[in-house]
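Novice: Have a look at this one before I ask anything.
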Amino acid sequence: MPITRYLVIVIITLVIVIAAVSSFLFLKTTSFRSTTSDCIGATAGVPIVSKVQGSSFGQITKYTLPSPNRWPNAPYVDRDGSVWFGEWALPGLAHFFPWNGTLIEYQLSLSGVKTTQTSCGLQTSIWSVLRAGRYVWATLMDYNQIVALDTETAKFTVIKLPEGYESPYTLALSPQGSVWFTMISNKPALGEILKNMTLIIHPVVAGGYYIPSSIIFLNSTLAYYTAFSLSTYTGYLFNFNPSQDHNAIVPEKVGGINLTSPNSISYSNGTIWIAEHGPSDVVSYNLKSHAWSVYPTSLNNLTNTALPYFIVSSGEYAYFNEHYGNKIAVLQQRKLLLTEYSVSNPPAKNIQQIENVLTLALGNGTLWFTSVTSNYVAYLNLEGRPDFALSFDGPMNITIPASSNVTLKFTVTGNWSKPLNISFSDTENFTGATHLISFRPSTAHVPAGGGTFSFDVTIKVSKELKPGIYTAAVTVDDGLIYQSAYVIIKVI
């Protein structure tokens, strides 16, 4: 499986929009076409105000945006619970008030076009949005610009990157209130915009030729970022002191694991979470024990990787999207449980039906996300619970000698109206597919019903498997909701 198909800036395949094209391309070199020839008809500087309605299934509520497709991306939840996001086709920023359905859209006047887009359809690509004081910031990746919307005047300030630096990607707010950003550029560097709109480029002067993709600040003297090689897509976690040198970044590589296209980073509860945009897994790093853990998604039946993209976290929970899996996932670290929700009902049956949920943001009891090709902003209600749950009451860490096996018991509780599928995945390889670790359940599926149902799974380790630590996921699903229990396997 060629890694180049799953680059960190891999996004929507044109086959989803134009059936004749089937390959994935770099965002910054891809020219997209709109699904419609209509123009939105907005005027720069004059906000568009409209009402949108929501519809729900399970714990997910979607709000369809006005036609033609706005190509929404990069949600940000404001303190009052309203949601900001970018609109690639307006182009500009949108502000949504879910309690009454009001949508306000602010159009940008673009200059310095580096794409071949027409005046209608897809205009630019916004990958990150955040609010700092009175300004809402956004990255215009293919215009090499950062823009700031003044919420009091509805006017934009445009900050252009200097020559040699390009493709601003993700944003982060420092403890001092300055706005930092990463760049998918040939020069390893981080950008910083001070409160007075002064732009500072911080070259990365050590740590190898790795391009920063996402950054977080733990405090004023400690920051972490993920970075990857543009040639091999191998990546690492780095840290640095943002107050040590006002110009150059002198990072320290956090060892212990090599990452593949690390795209997004988050921090909570003493743990750094990383989404790798390639393998079917997410990774955590414990700052106290310095231990790394790898958690596979459920096995993806649409293609050979679930393709996690962006990750956010709070407390013991990590939340991430699965671009190719067409799911939103919630991982509970303490109990080693994963719940995945299909973002479409009925669920996607093939890769052409995925809704391209690329980014997400955490709210108060909600997880917001956008679909660039299905034209909606939506949220997952985190206060609700699925109708059924999977649990494993045995030890979460087991040791299995090569050529040996062990039998474990799993229990489903709740109510399920149709039989539940049983599947398995692990961290043996890139895709999550099992190979040298085999899983044999005592039943082919969980019969429709309710209450409590238990089944055994015999796990066998091949003598050919290298000794080490592997994470396995035992999953039950009804097609819309996937419940997985993790088991940490030490092979000796």
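Every chain in the structure tokens has a letter given in the order shown (A, B, ...), and although residue numbers restart at 1 in each chain, ligands are simply numbered from 1 in the order shown.
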Counting only C-alpha atoms, which residues in range 377-443 of chain A sit no more than 12 Å from range 71-87 of chain A? For each one, give the nearest pair of atoms and the distance in Å, sorted by chain then residue number, as CSV.
Specialist:
residue,atom,partner,partner_atom,distance
A:Val377,CA,A:Pro72,CA,7.3
A:Ala378,CA,A:Pro75,CA,9.6
A:Tyr379,CA,A:Val83,CA,10.4
Novice: Write the residues of the preceding selection, restricted to C-alpha atoms, as a JSON list (two decimals), in the first residue's frame.
Specialist:
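Below is the file that was written, again.json:
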[["chain", "number", "residue", "atom", "x", "y", "z"],
["A", 377, "VAL", "CA", -22.14, 21.67, 10.11],
["A", 378, "ALA", "CA", -23.04, 19.11, 12.78],
["A", 379, "TYR", "CA", -22.46, 17.97, 16.33]]
Novice: Taking only range 117-318 of chain A into account, list the residues labelled strand (DSSP E) by DSSP (computed from the backbone), as a PyMOL selection string.
Specialist: chain A and resi 126-132+135-140+145-150+155-160+168-173+179-183+189-193+199-203+211-219+222-228+234-240+252-260+262-268+271-276+281-286+292-296+308-314+317-318
Novice: Identify, on the basis of only C-alpha atoms, every residue whose closest approach to Glu316 in chain A does not exceed 7 Å; exclude the query and any residue fewer than 2 positions from it along the same chain; express the result as a count of residues only.
Specialist: 6
Novice: Mind checking which residues fall within 6 Å of range 188-198 of chain A, counting only C-alpha atoms, ignoring those fewer than 5 positions away in the same chain, and posting them as a ChimeraX atom specification?
Specialist: /A:178-182,203-204,211
Novice: Take the selection from the previous step and output its residues with N, CA and C atoms, as a PDB file, in the first residue's frame.
Specialist:
ATOM      1  N   SER A 178      -0.648  35.627  21.668  1.00  0.00           N
ATOM      2  CA  SER A 178      -0.262  35.698  20.260  1.00  0.00           C
ATOM      3  C   SER A 178      -0.776  34.457  19.535  1.00  0.00           C
ATOM      4  N   VAL A 179      -0.960  34.588  18.229  1.00  0.00           N
ATOM      5  CA  VAL A 179      -1.473  33.504  17.409  1.00  0.00           C
ATOM      6  C   VAL A 179      -0.312  32.845  16.667  1.00  0.00           C
ATOM      7  N   TRP A 180      -0.113  31.556  16.897  1.00  0.00           N
ATOM      8  CA  TRP A 180       0.931  30.794  16.224  1.00  0.00           C
ATOM      9  C   TRP A 180       0.297  29.947  15.126  1.00  0.00           C
ATOM     10  N   PHE A 181       1.106  29.605  14.129  1.00  0.00           N
ATOM     11  CA  PHE A 181       0.591  28.746  13.073  1.00  0.00           C
ATOM     12  C   PHE A 181       1.714  27.906  12.476  1.00  0.00           C
ATOM     13  N   THR A 182       1.309  26.769  11.920  1.00  0.00           N
ATOM     14  CA  THR A 182       2.242  25.900  11.214  1.00  0.00           C
ATOM     15  C   THR A 182       2.138  26.171   9.720  1.00  0.00           C
ATOM     16  N   PRO A 203      12.274  30.306  12.392  1.00  0.00           N
ATOM     17  CA  PRO A 203      12.871  29.139  11.735  1.00  0.00           C
ATOM     18  C   PRO A 203      13.181  28.044  12.752  1.00  0.00           C
ATOM     19  N   VAL A 204      12.976  26.803  12.353  1.00  0.00           N
ATOM     20  CA  VAL A 204      13.357  25.672  13.182  1.00  0.00           C
ATOM     21  C   VAL A 204      14.811  25.349  12.857  1.00  0.00           C
ATOM     22  N   ILE A 211       8.725  19.131   8.947  1.00  0.00           N
ATOM     23  CA  ILE A 211       7.816  20.259   8.770  1.00  0.00           C
ATOM     24  C   ILE A 211       6.734  20.232   9.845  1.00  0.00           C
TER      25      ILE A 211
END
Novice: Write out as a PyMOL selection string which residues come within 12 Å of range 343-348 of chain A when counting only C-alpha atoms, dropping same-chain ones fewer than 2 positions away.
Specialist: chain A and resi 55-62+300-303+321-329+340-341+350-358+368-371+374+376-380+477-482
Novice: Could you tell me how far CA of Asn241 in chain A lies from CA of Tyr210 in chain A, in Å and to one decimal?
Specialist: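 So the two atoms, CA of Asn241 in chain A and CA of Tyr210 in chain A, lie 17.6 Å apart.
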Novice: What lies within 8 Å of range 473-475 of chain A using only C-alpha atoms, ignoring chain neighbours under 3 positions off, as a PyMOL selection string?
Specialist: chain A and resi 296-298+390+421-426+482-487
Novice: Can you list, as a ChimeraX atom specification, every protein, DNA or RNA residue that comes within 7 Å of Pro467 in chain A when you count only C-alpha atoms, leaving out same-chain residues fewer than 2 positions away?
Specialist: /A:465,491-492
Novice: For CA of Ile489 in chain A and CA of Leu287 in chain A, quote the distance in Å rounded to one decimal.
Specialist: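 Spanning CA of Ile489 in chain A to CA of Leu287 in chain A is a straight-line distance of 22.1 Å.
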